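Quick look at coords-v5.cif (mmCIF, C-alpha atoms and all ligand atoms):
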data_structure
#
loop_
_atom_site.group_PDB
_atom_site.id
_atom_site.type_symbol
_atom_site.label_atom_id
_atom_site.label_comp_id
_atom_site.auth_asym_id
_atom_site.auth_seq_id
_atom_site.Cartn_x
_atom_site.Cartn_y
_atom_site.Cartn_z
ATOM 1 C CA MET I 186 -21.019 1.184 -10.618
ATOM 2 C CA ALA I 187 -20.384 3.158 -7.426
ATOM 3 C CA GLY I 188 -18.145 1.478 -4.886
ATOM 4 C CA TYR I 189 -17.723 1.709 -1.136
ATOM 5 C CA ILE I 190 -14.436 3.428 -1.960
ATOM 6 C CA GLU I 191 -14.254 5.403 -5.183
ATOM 7 C CA MET I 192 -11.159 6.917 -6.693
ATOM 8 C CA PHE I 193 -12.323 8.899 -9.701
ATOM 9 C CA ASN I 194 -10.090 10.559 -12.284
ATOM 10 C CA LEU I 195 -7.486 10.848 -9.583
ATOM 11 C CA GLY I 196 -4.481 12.837 -10.718
ATOM 12 C CA LYS I 197 -1.331 14.309 -9.208
ATOM 13 C CA THR I 198 1.001 16.909 -10.615
ATOM 14 C CA TYR I 199 4.113 17.780 -8.609
ATOM 15 C CA ASP I 200 5.948 21.049 -9.108
ATOM 16 C CA THR I 201 9.565 20.324 -9.903
ATOM 17 C CA PRO I 202 12.521 22.546 -10.849
ATOM 18 C CA ASN I 203 11.911 21.425 -14.468
ATOM 19 C CA GLY I 204 8.241 22.429 -14.352
ATOM 20 C CA PRO I 205 5.077 20.538 -13.441
ATOM 21 C CA ALA I 206 5.387 16.747 -13.549
ATOM 22 C CA ILE I 207 2.166 14.808 -14.119
ATOM 23 C CA ILE I 208 2.825 11.636 -12.154
ATOM 24 C CA VAL I 209 -0.660 10.109 -11.907
ATOM 25 C CA GLU I 210 -3.502 10.830 -14.315
ATOM 26 C CA GLU I 211 -7.064 9.543 -14.550
ATOM 27 C CA PHE I 212 -6.571 6.824 -11.978
ATOM 28 C CA ASN I 213 -9.988 5.192 -11.578
ATOM 29 C CA LEU I 214 -10.738 2.432 -9.114
ATOM 30 C CA ASN I 215 -13.785 1.361 -7.106
ATOM 31 C CA MET I 216 -13.549 -0.973 -4.154
ATOM 32 C CA GLU I 217 -16.267 -2.987 -2.441
ATOM 33 C CA GLN I 218 -16.666 -2.943 1.317
ATOM 34 C CA GLY I 219 -14.306 -5.471 2.891
ATOM 35 C CA GLU I 220 -12.328 -5.964 -0.296
ATOM 36 C CA TYR I 221 -8.540 -6.412 -0.241
ATOM 37 C CA VAL I 222 -6.786 -4.803 -3.197
ATOM 38 C CA CYS I 223 -3.050 -4.769 -3.841
ATOM 39 C CA LEU I 224 -1.452 -2.090 -5.965
ATOM 40 C CA LEU I 225 1.530 -3.295 -7.929
ATOM 41 C CA GLY I 226 3.796 -1.486 -10.345
ATOM 42 C CA HIS I 227 7.390 -0.549 -10.977
ATOM 43 C CA SER I 228 9.263 1.553 -8.484
ATOM 44 C CA GLY I 229 8.564 5.246 -8.987
ATOM 45 C CA CYS I 230 5.381 4.789 -11.040
ATOM 46 C CA GLY I 231 3.207 6.580 -8.463
ATOM 47 C CA LYS I 232 1.807 3.941 -6.100
ATOM 48 C CA SER I 233 2.600 5.879 -2.908
ATOM 49 C CA THR I 234 1.300 9.025 -4.556
ATOM 50 C CA VAL I 235 -2.078 7.335 -5.049
ATOM 51 C CA LEU I 236 -2.096 5.877 -1.528
ATOM 52 C CA THR I 237 -1.142 9.131 0.186
ATOM 53 C CA MET I 238 -3.819 10.996 -1.785
ATOM 54 C CA VAL I 239 -6.416 8.471 -0.608
ATOM 55 C CA ALA I 240 -5.039 8.863 2.933
ATOM 56 C CA GLY I 241 -5.552 12.618 2.617
ATOM 57 C CA LEU I 242 -1.869 13.251 3.289
ATOM 58 C CA ASN I 243 -1.049 14.444 -0.228
ATOM 59 C CA PRO I 244 -3.195 17.136 -1.887
ATOM 60 C CA ILE I 245 -5.160 15.841 -4.874
ATOM 61 C CA THR I 246 -4.612 17.725 -8.139
ATOM 62 C CA THR I 247 -7.587 16.395 -10.107
ATOM 63 C CA GLY I 248 -10.512 14.085 -9.399
ATOM 64 C CA GLY I 249 -11.332 12.851 -5.935
ATOM 65 C CA VAL I 250 -11.808 10.029 -3.461
ATOM 66 C CA VAL I 251 -15.075 8.962 -1.841
ATOM 67 C CA VAL I 252 -15.057 6.805 1.276
ATOM 68 C CA ALA I 253 -18.459 5.422 2.297
ATOM 69 C CA ASN I 254 -20.363 8.137 0.396
ATOM 70 C CA LYS I 255 -18.243 10.998 1.701
ATOM 71 C CA GLU I 256 -15.652 12.784 -0.400
ATOM 72 C CA ILE I 257 -12.432 13.167 1.538
ATOM 73 C CA ASP I 258 -10.731 16.524 2.013
ATOM 74 C CA GLY I 259 -7.793 15.553 4.222
ATOM 75 C CA PRO I 260 -6.714 12.830 6.621
ATOM 76 C CA GLY I 261 -9.316 11.340 8.951
ATOM 77 C CA PRO I 262 -9.879 8.484 11.396
ATOM 78 C CA ASP I 263 -11.972 6.683 8.763
ATOM 79 C CA ARG I 264 -8.640 5.725 7.132
ATOM 80 C CA GLY I 265 -5.846 3.947 8.992
ATOM 81 C CA VAL I 266 -2.393 4.079 7.436
ATOM 82 C CA VAL I 267 0.578 1.767 7.943
ATOM 83 C CA PHE I 268 3.885 2.636 6.307
ATOM 84 C CA GLN I 269 6.993 0.509 5.817
ATOM 85 C CA SER I 270 8.361 1.828 9.074
ATOM 86 C CA PRO I 271 5.829 2.253 11.882
ATOM 87 C CA CYS I 272 7.215 5.561 13.308
ATOM 88 C CA LEU I 273 6.526 4.769 16.960
ATOM 89 C CA MET I 274 7.479 6.914 19.929
ATOM 90 C CA PRO I 275 10.498 4.859 21.034
ATOM 91 C CA TRP I 276 10.313 5.855 24.708
ATOM 92 C CA MET I 277 6.634 4.910 25.005
ATOM 93 C CA THR I 278 5.252 1.411 25.577
ATOM 94 C CA ALA I 279 3.430 -0.566 22.886
ATOM 95 C CA MET I 280 0.173 0.179 24.742
ATOM 96 C CA ASP I 281 0.818 3.927 24.942
ATOM 97 C CA ASN I 282 1.757 4.095 21.276
ATOM 98 C CA VAL I 283 -1.586 2.563 20.333
ATOM 99 C CA LEU I 284 -3.425 4.730 22.866
ATOM 100 C CA LEU I 285 -2.010 7.890 21.274
ATOM 101 C CA GLY I 286 -4.346 7.416 18.318
ATOM 102 C CA VAL I 287 -7.229 5.828 20.240
ATOM 103 C CA ASP I 288 -7.334 8.714 22.766
ATOM 104 C CA GLN I 289 -7.485 11.209 19.935
ATOM 105 C CA VAL I 290 -10.207 9.460 17.966
ATOM 106 C CA TYR I 291 -12.315 8.335 20.943
ATOM 107 C CA PRO I 292 -11.767 11.119 23.521
ATOM 108 C CA HIS I 293 -15.196 10.549 25.078
ATOM 109 C CA ALA I 294 -14.861 6.816 25.610
ATOM 110 C CA ARG I 295 -14.022 5.622 29.137
ATOM 111 C CA LYS I 296 -10.298 5.355 29.795
ATOM 112 C CA SER I 297 -10.653 1.659 30.658
ATOM 113 C CA ASP I 298 -12.504 1.016 27.364
ATOM 114 C CA ARG I 299 -9.762 2.752 25.415
ATOM 115 C CA ARG I 300 -7.132 0.636 27.142
ATOM 116 C CA ASP I 301 -9.176 -2.524 26.513
ATOM 117 C CA MET I 302 -9.421 -1.660 22.832
ATOM 118 C CA ALA I 303 -5.655 -1.075 22.556
ATOM 119 C CA ALA I 304 -4.906 -4.289 24.473
ATOM 120 C CA TYR I 305 -7.362 -6.242 22.296
ATOM 121 C CA TYR I 306 -5.636 -5.292 19.047
ATOM 122 C CA LEU I 307 -2.147 -5.674 20.474
ATOM 123 C CA THR I 308 -3.106 -9.170 21.590
ATOM 124 C CA LEU I 309 -4.533 -9.975 18.153
ATOM 125 C CA VAL I 310 -1.214 -9.095 16.536
ATOM 126 C CA GLY I 311 0.580 -11.345 19.026
ATOM 127 C CA LEU I 312 1.852 -8.741 21.491
ATOM 128 C CA GLY I 313 -0.323 -9.674 24.465
ATOM 129 C CA ASN I 314 2.797 -10.225 26.557
ATOM 130 C CA SER I 315 4.526 -7.033 25.492
ATOM 131 C CA LEU I 316 1.877 -4.404 26.208
ATOM 132 C CA ASN I 317 4.176 -2.550 28.580
ATOM 133 C CA THR I 318 7.412 -2.970 26.668
ATOM 134 C CA ARG I 319 8.951 0.227 25.343
ATOM 135 C CA ALA I 320 8.865 0.473 21.540
ATOM 136 C CA ALA I 321 12.645 0.902 21.494
ATOM 137 C CA ASP I 322 13.000 -2.544 23.075
ATOM 138 C CA LEU I 323 10.830 -4.299 20.478
ATOM 139 C CA SER I 324 12.213 -6.007 17.354
ATOM 140 C CA GLN I 325 11.450 -4.480 13.965
ATOM 141 C CA GLY I 326 8.746 -7.083 13.321
ATOM 142 C CA MET I 327 7.176 -6.412 16.727
ATOM 143 C CA GLN I 328 7.222 -2.682 16.069
ATOM 144 C CA GLN I 329 5.410 -3.248 12.807
ATOM 145 C CA ARG I 330 2.848 -5.331 14.723
ATOM 146 C CA VAL I 331 2.275 -2.297 16.969
ATOM 147 C CA GLY I 332 1.804 -0.173 13.830
ATOM 148 C CA ILE I 333 -0.828 -2.599 12.536
ATOM 149 C CA ALA I 334 -2.596 -2.737 15.938
ATOM 150 C CA ARG I 335 -2.549 1.073 16.071
ATOM 151 C CA ALA I 336 -4.244 1.308 12.669
ATOM 152 C CA PHE I 337 -6.927 -1.297 13.508
ATOM 153 C CA ALA I 338 -7.612 0.134 16.960
ATOM 154 C CA LEU I 339 -8.994 3.297 15.361
ATOM 155 C CA ARG I 340 -11.688 1.062 13.781
ATOM 156 C CA PRO I 341 -11.170 2.669 10.355
ATOM 157 C CA LYS I 342 -13.435 2.110 7.357
ATOM 158 C CA MET I 343 -10.371 1.705 5.207
ATOM 159 C CA LEU I 344 -6.846 0.490 5.781
ATOM 160 C CA LEU I 345 -4.023 1.873 3.644
ATOM 161 C CA LEU I 346 -0.804 -0.125 3.728
ATOM 162 C CA ASP I 347 2.337 1.125 1.997
ATOM 163 C CA GLU I 348 4.680 -1.862 1.761
ATOM 164 C CA PRO I 349 4.013 -2.726 5.421
ATOM 165 C CA PHE I 350 6.267 -5.790 5.355
ATOM 166 C CA GLY I 351 8.958 -4.334 3.103
ATOM 167 C CA MET I 352 11.618 -4.037 5.804
ATOM 168 C CA LEU I 353 11.061 -7.430 7.407
ATOM 169 C CA ASP I 354 12.879 -10.718 6.889
ATOM 170 C CA SER I 355 10.881 -13.251 4.899
ATOM 171 C CA LEU I 356 9.865 -15.382 7.904
ATOM 172 C CA THR I 357 8.499 -12.411 9.862
ATOM 173 C CA ARG I 358 6.924 -11.155 6.695
ATOM 174 C CA MET I 359 5.017 -14.410 6.177
ATOM 175 C CA GLU I 360 3.948 -14.426 9.835
ATOM 176 C CA LEU I 361 2.622 -10.875 9.624
ATOM 177 C CA GLN I 362 0.808 -11.517 6.347
ATOM 178 C CA GLU I 363 -1.081 -14.259 8.154
ATOM 179 C CA VAL I 364 -1.707 -12.114 11.249
ATOM 180 C CA LEU I 365 -3.182 -9.417 9.040
ATOM 181 C CA LEU I 366 -5.436 -11.846 7.178
ATOM 182 C CA GLU I 367 -6.628 -13.322 10.487
ATOM 183 C CA ILE I 368 -7.596 -9.896 11.858
ATOM 184 C CA LEU I 369 -9.360 -9.096 8.616
ATOM 185 C CA VAL I 370 -11.537 -12.201 9.032
ATOM 186 C CA GLN I 371 -12.928 -10.544 12.190
ATOM 187 C CA ASP I 372 -12.810 -6.859 11.175
ATOM 188 C CA GLN I 373 -13.650 -6.712 7.506
ATOM 189 C CA VAL I 374 -11.847 -3.480 6.752
ATOM 190 C CA THR I 375 -11.555 -2.449 3.114
ATOM 191 C CA THR I 376 -7.828 -2.555 2.419
ATOM 192 C CA LEU I 377 -5.551 -1.055 -0.207
ATOM 193 C CA MET I 378 -1.972 -2.295 0.018
ATOM 194 C CA ILE I 379 1.115 -1.424 -1.991
ATOM 195 C CA THR I 380 3.588 -4.210 -2.509
ATOM 196 C CA HIS I 381 6.498 -4.996 -4.806
ATOM 197 C CA ASP I 382 6.028 -8.685 -4.274
ATOM 198 C CA VAL I 383 3.869 -10.578 -6.778
ATOM 199 C CA ASP I 384 3.513 -13.586 -4.443
ATOM 200 C CA GLU I 385 2.453 -11.397 -1.535
ATOM 201 C CA ALA I 386 -0.160 -9.736 -3.760
ATOM 202 C CA LEU I 387 -1.479 -13.142 -4.835
ATOM 203 C CA PHE I 388 -1.658 -14.432 -1.268
ATOM 204 C CA MET I 389 -3.390 -11.409 0.224
ATOM 205 C CA SER I 390 -5.681 -9.887 -2.422
ATOM 206 C CA ASP I 391 -9.148 -10.210 -3.854
ATOM 207 C CA ARG I 392 -7.913 -8.156 -6.794
ATOM 208 C CA VAL I 393 -4.480 -6.989 -7.901
ATOM 209 C CA VAL I 394 -4.359 -3.637 -9.643
ATOM 210 C CA MET I 395 -1.379 -3.194 -11.932
ATOM 211 C CA MET I 396 -0.268 0.392 -12.527
ATOM 212 C CA THR I 397 1.282 1.521 -15.762
ATOM 213 C CA ASN I 398 4.687 3.150 -15.656
ATOM 214 C CA GLY I 399 4.720 6.864 -15.062
ATOM 215 C CA PRO I 400 4.600 9.616 -15.998
ATOM 216 C CA ARG I 401 0.805 9.844 -16.230
ATOM 217 C CA ALA I 402 0.445 6.481 -14.519
ATOM 218 C CA ARG I 403 -3.000 4.927 -14.250
ATOM 219 C CA VAL I 404 -4.635 1.547 -13.794
ATOM 220 C CA GLY I 405 -3.175 -0.722 -16.468
ATOM 221 C CA LYS I 406 -4.796 -4.044 -15.729
ATOM 222 C CA ILE I 407 -6.807 -5.673 -12.938
ATOM 223 C CA PHE I 408 -6.468 -9.327 -11.950
ATOM 224 C CA GLU I 409 -9.257 -11.074 -10.019
ATOM 225 C CA ILE I 410 -7.792 -13.513 -7.504
ATOM 226 C CA PRO I 411 -10.014 -16.577 -7.217
ATOM 227 C CA PHE I 412 -8.565 -18.281 -4.118
ATOM 228 C CA ASP I 413 -11.003 -19.139 -1.294
ATOM 229 C CA ARG I 414 -10.789 -17.491 2.121
ATOM 230 C CA PRO I 415 -9.591 -18.121 4.742
ATOM 231 C CA ARG I 416 -6.393 -18.643 2.817
ATOM 232 C CA HIS I 417 -3.752 -21.227 3.532
ATOM 233 C CA ARG I 418 -0.399 -20.740 1.918
ATOM 234 C CA THR I 419 0.023 -24.271 0.598
ATOM 235 C CA GLU I 420 -3.468 -24.365 -0.860
ATOM 236 C CA VAL I 421 -2.882 -21.025 -2.570
ATOM 237 C CA LEU I 422 0.425 -22.208 -4.012
ATOM 238 C CA GLU I 423 -1.192 -25.417 -5.242
ATOM 239 C CA HIS I 424 -4.182 -23.691 -6.821
ATOM 240 C CA PRO I 425 -4.315 -24.473 -10.573
ATOM 241 C CA SER I 426 -4.506 -20.743 -11.442
ATOM 242 C CA TYR I 427 -1.604 -19.629 -9.240
ATOM 243 C CA TYR I 428 1.249 -19.848 -11.723
ATOM 244 C CA ASP I 429 -0.832 -18.597 -14.657
ATOM 245 C CA LEU I 430 -1.817 -15.488 -12.707
ATOM 246 C CA ARG I 431 1.731 -15.002 -11.517
ATOM 247 C CA GLY I 432 3.039 -15.342 -15.070
ATOM 248 C CA ASP I 433 0.478 -12.855 -16.398
ATOM 249 C CA MET I 434 1.388 -10.294 -13.742
ATOM 250 C CA ILE I 435 5.095 -10.605 -14.442
ATOM 251 C CA GLY I 436 4.288 -10.433 -18.162
ATOM 252 C CA PHE I 437 2.477 -7.128 -17.604
ATOM 253 C CA LEU I 438 5.452 -5.713 -15.704
ATOM 254 C CA GLU I 439 7.907 -6.850 -18.361
ATOM 255 C CA GLU I 440 5.772 -5.215 -21.031
ATOM 256 C CA GLN I 441 5.885 -1.966 -19.017
ATOM 257 C CA ASP I 442 9.680 -2.297 -18.798
ATOM 258 C CA HIS I 443 9.898 -2.705 -22.534
ATOM 259 C CA LYS I 444 7.734 0.367 -23.170
ATOM 260 C CA LYS I 445 9.884 2.380 -20.770
ATOM 261 C CA LEU I 446 13.078 1.363 -22.555
ATOM 262 C CA LEU I 447 11.584 2.351 -25.929
ATOM 263 C CA ALA I 448 10.401 5.702 -24.531
ATOM 264 C CA ASP I 449 13.839 6.343 -22.986
ATOM 265 C CA ALA I 450 15.564 5.545 -26.280
ATOM 266 C CA ALA I 451 13.222 7.862 -28.217
ATOM 267 C CA LYS I 452 13.844 10.666 -25.706
ATOM 268 C CA HIS I 453 17.588 10.087 -25.982
ATOM 269 C CA GLU I 454 17.470 10.316 -29.787
ATOM 270 C CA ALA I 455 15.317 13.456 -29.693
ATOM 271 C CA LYS I 456 17.788 15.161 -27.330
ATOM 272 C CA LYS I 457 20.721 14.153 -29.499
ATOM 273 C CA ALA I 458 18.986 15.555 -32.593
ATOM 274 C CA SER I 459 18.273 18.847 -30.811
ATOM 275 C CA GLY I 460 21.924 19.187 -29.742
ATOM 276 C CA ASP I 461 21.157 19.040 -25.987
ATOM 277 C CA PRO I 462 23.342 16.836 -23.800
ATOM 278 C CA PRO I 463 21.708 13.384 -23.850
ATOM 279 C CA ALA I 464 19.734 12.257 -20.798
ATOM 280 C CA PRO I 465 20.618 8.884 -19.302
ATOM 281 C CA ALA I 466 18.706 6.296 -21.301
ATOM 282 C CA ALA I 467 18.702 3.475 -18.789
ATOM 283 C CA SER I 468 15.555 2.861 -16.797
ATOM 284 C CA ASP I 469 15.911 4.083 -13.205
ATOM 285 C CA GLN I 470 13.246 1.709 -12.002
ATOM 286 C CA GLN I 471 13.970 -1.146 -9.708
ATOM 287 C CA PRO I 472 12.513 -4.523 -10.604
ATOM 288 C CA VAL I 473 9.448 -5.771 -8.820
ATOM 289 C CA ASP I 474 10.296 -8.505 -6.380
ATOM 290 C CA ALA I 475 8.693 -11.168 -8.529
ATOM 291 C CA LEU I 476 10.791 -14.066 -7.407
ATOM 292 C CA SER I 477 10.663 -13.463 -3.706
ATOM 293 C CA PRO I 478 9.788 -16.755 -2.007
ATOM 294 C CA THR I 479 7.357 -15.272 0.478
ATOM 295 C CA ALA I 480 4.199 -17.084 -0.456
HETATM 296 N N1 LIG I 501 6.866 15.712 -3.435
HETATM 297 C C1 LIG I 501 7.283 15.348 -4.654
HETATM 298 N N2 LIG I 501 7.736 16.277 -5.525
HETATM 299 C C2 LIG I 501 8.146 15.931 -6.752
HETATM 300 N N3 LIG I 501 8.139 14.666 -7.229
HETATM 301 C C3 LIG I 501 7.706 13.704 -6.411
HETATM 302 C C4 LIG I 501 7.255 13.993 -5.084
HETATM 303 N N4 LIG I 501 6.874 12.828 -4.498
HETATM 304 C C5 LIG I 501 7.077 11.853 -5.421
HETATM 305 N N5 LIG I 501 7.571 12.393 -6.557
HETATM 306 C C6 LIG I 501 7.900 11.653 -7.783
HETATM 307 O O1 LIG I 501 6.716 10.995 -8.221
HETATM 308 C C7 LIG I 501 7.049 9.730 -8.789
HETATM 309 C C8 LIG I 501 6.215 8.665 -8.113
HETATM 310 O O2 LIG I 501 6.636 8.535 -6.748
HETATM 311 P P1 LIG I 501 5.943 7.493 -5.780
HETATM 312 O O3 LIG I 501 6.691 7.509 -4.499
HETATM 313 O O4 LIG I 501 4.487 7.751 -5.731
HETATM 314 O O5 LIG I 501 6.206 6.138 -6.575
HETATM 315 P P2 LIG I 501 6.096 4.626 -6.066
HETATM 316 O O6 LIG I 501 5.511 3.845 -7.200
HETATM 317 O O7 LIG I 501 5.386 4.546 -4.772
HETATM 318 O O8 LIG I 501 7.625 4.254 -5.858
HETATM 319 P P3 LIG I 501 8.281 3.119 -4.927
HETATM 320 O O9 LIG I 501 7.702 1.824 -5.397
HETATM 321 O O10 LIG I 501 9.741 3.236 -5.237
HETATM 322 O O11 LIG I 501 7.954 3.449 -3.509
HETATM 323 C C9 LIG I 501 8.547 9.545 -8.614
HETATM 324 O O12 LIG I 501 9.168 9.898 -9.822
HETATM 325 C C10 LIG I 501 8.898 10.537 -7.529
HETATM 326 O O13 LIG I 501 10.207 11.002 -7.692
#
Please rewrite the model in this file as structure tokens.
Ligand SMILES: Nc1ncnc2c1ncn2[C@@H]1O[C@H](COP(=O)(O)OP(=O)(O)OP(=O)(O)O)[C@@H](O)[C@H]1O
Amino acid sequence: MAGYIEMFNLGKTYDTPNGPAIIVEEFNLNMEQGEYVCLLGHSGCGKSTVLTMVAGLNPITTGGVVVANKEIDGPGPDRGVVFQSPCLMPWMTAMDNVLLGVDQVYPHARKSDRRDMAAYYLTLVGLGNSLNTRAADLSQGMQQRVGIARAFALRPKMLLLDEPFGMLDSLTRMELQEVLLEILVQDQVTTLMITHDVDEALFMSDRVVMMTNGPRARVGKIFEIPFDRPRHRTEVLEHPSYYDLRGDMIGFLEEQDHKKLLADAAKHEAKKASGDPPAPAASDQQPVDALSPTA
């Protein structure tokens, strides 16, 4: 079935000094309009590669991405992106940082309307009193709020979030998760978010897409998240399915770990047999933050 967002047979091969490396292969995922999907998988499996291809920032090797019936061929204002670090102009105010994008995307709108739009989203993220504060004088959490306001102010069809709360302390992280969900109640933007945090994925998503380990990573398993919206943290934590889902997700990741260790060991043996110096057998992947108490 066609989706509002379609990623079909998406693949990425990077050229490396050791030859082409197929990182993502046949990644297929459809998303409904307004849906919130989290992408979870071990570090280095290819999550950012998928997200940056959908953003149009990373050339696609095979397959394609359709956003609202239009195949993408580069970045565009229909997709707003928020990275771990918001990359603001430090000497500019919160307002001017948001206006940078708004002015570009809506050059024909009245100046006062553009300012109203920027102020509206900055207020929604809780920065109504800091519109004229320079980015350099804002805390890390406040800067990330500006990044979120900047993405929403472009009124994108899709929001792409690459670990947007990854650099924040857990209290700020929880606050911003809730801010984001509140804005999404008003602006139902279809959202794809990368996270390493199983609890964050459970709290935020309609579905959680688990990626297999690379190389040739693809969709491994999809979990439907049954919690009602609007979501309240305690209700989510007390939901009878919460710990079963959490356990199944961690189980999937552990299974991927196990497969990786077996593949590493086989590679190690093959190298030894061929007389080449053995490659390090240990997995270089960092664990997913399964036990983080953020939800
Ligand atoms: N430009 C590039 N050239 C070559 N290899 C790359 C390039 N970008 C990423 N890779 C490799 O592709 C693999 C996937 O990287 P990617 O950043 O997509 O993974 P990830 O799942 O988002 O990782 P993390 O969770 O640590 O952010 C990694 O092995 C990485 O080293």
Given all atoms listed in the file as the basis, pick out the residue of I:Gly188, I:Gly311, I:Gly204, I:Gly326 nearest to ligand LIG 501 (chain I).
I:Gly204
Could the centre and edge lengths of an axis-aligned box, enclosing all atoms of ligand LIG 501 (chain I) in the file with 3 Å extra on each side, be given in Å to one decimal as lines of an AutoDock Vina configuration file?
center_x = 7.3
center_y = 9.1
center_z = -6.6
size_x = 11.7
size_y = 20.5
size_z = 12.4
Return as a PyMOL selection string every polymer residue, whether protein, DNA or RNA, with at least one atom no more than 6 Å from an atom of ligand LIG 501 (chain I); count only C-alpha atoms and all ligand atoms.
chain I and resi 199+201+208+228-234
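Candidate residues I:Asp449, I:Asp429, I:Asp391, I:Asp382 were compared for distance to I:Ile407, and the nearest is I:Asp391, using all atoms listed in the file.
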I'd like to know which of I:Gly226, I:Pro244, I:Pro349, I:Pro415 is closest to I:Ile333, using only C-alpha atoms.
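Using only C-alpha atoms, the shortest distance to I:Ile333 belongs to I:Pro349.
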With distances taken over all atoms listed in the file, which residue among I:Val370, I:Arg401, I:Leu224, I:Arg264 lies nearest I:Val383?
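Among the listed residues, I:Leu224 lies closest to I:Val383.
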Residues within 6 Å of (-12.9, 6.3, 11.0), file coordinates, counting only C-alpha atoms: what are they? Give the list as a compact mmCIF listing (two decimals) with C-alpha atoms, keeping the file's coordinate frame.
# COMPACT_ATOMS: atom_id res chain seq x y z
CA PRO I 262 -9.88 8.48 11.40
CA ASP I 263 -11.97 6.68 8.76
CA ARG I 264 -8.64 5.72 7.13
CA PRO I 341 -11.17 2.67 10.36
CA LYS I 342 -13.44 2.11 7.36
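Selection check: the PyMOL selection byres (((chain I and resi 368) around 12) and not hetatm) on the shown file gives I:Tyr305, I:Tyr306, I:Leu307, I:Thr308, I:Leu309, I:Val310, I:Gly311, I:Arg330, I:Ile333, I:Ala334, I:Ala336, I:Phe337, I:Ala338, I:Arg340, I:Leu361, I:Gln362, I:Glu363, I:Val364, I:Leu365, I:Leu366, I:Glu367, I:Leu369, I:Val370, I:Gln371, I:Asp372, I:Gln373, I:Val374, I:Thr376, I:Pro415.
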Between atom CA of I:Phe437 and atom CA of I:Lys452, what is the distance, to one decimal in Å?
22.6 Å
To one decimal in Å, tell me the separation between atom CA of I:Gly351 and atom CA of I:Gln325.
11.1 Å
Can you list, as JSON, numbers by chain, every protein, DNA or RNA residue that comes within 10 Å of stretch 291-296 of chain I when you count all atoms listed in the file, leaving out same-chain residues fewer than 5 positions away?
{"I": [262, 284, 286, 301, 302, 339]}
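Coordinates place atom CA of I:Leu377 at a distance of 7.8 Å from atom CA of I:Met343.
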Among the residues I:Val331, I:Val239, I:Ile410, I:Val393, the one that comes closest to I:Leu312 [using only C-alpha atoms]:
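Smallest separation from I:Leu312 among the options: I:Val331.
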Can you list what the PyMOL selection byres (((chain I and resi 195) around 12) and not hetatm) grabs from this structure, as a ChimeraX atom specification?
/I:191-194,196-198,207-215,231,234-239,243-251,401-404
Decode the PyMOL selection byres (((chain I and resi 385) around 9) and not hetatm) for the given file into explicit residues and return them as an MDAnalysis selection string.
chainID I and resid 223 359 362 380:384 386:390 477 479:480
Kindly export the residues of the current selection with C-alpha atoms, as a compact mmCIF listing (two decimals), keeping the file's coordinate frame.
# COMPACT_ATOMS: atom_id res chain seq x y z
CA CYS I 223 -3.05 -4.77 -3.84
CA MET I 359 5.02 -14.41 6.18
CA GLN I 362 0.81 -11.52 6.35
CA THR I 380 3.59 -4.21 -2.51
CA HIS I 381 6.50 -5.00 -4.81
CA ASP I 382 6.03 -8.68 -4.27
CA VAL I 383 3.87 -10.58 -6.78
CA ASP I 384 3.51 -13.59 -4.44
CA ALA I 386 -0.16 -9.74 -3.76
CA LEU I 387 -1.48 -13.14 -4.84
CA PHE I 388 -1.66 -14.43 -1.27
CA MET I 389 -3.39 -11.41 0.22
CA SER I 390 -5.68 -9.89 -2.42
CA SER I 477 10.66 -13.46 -3.71
CA THR I 479 7.36 -15.27 0.48
CA ALA I 480 4.20 -17.08 -0.46
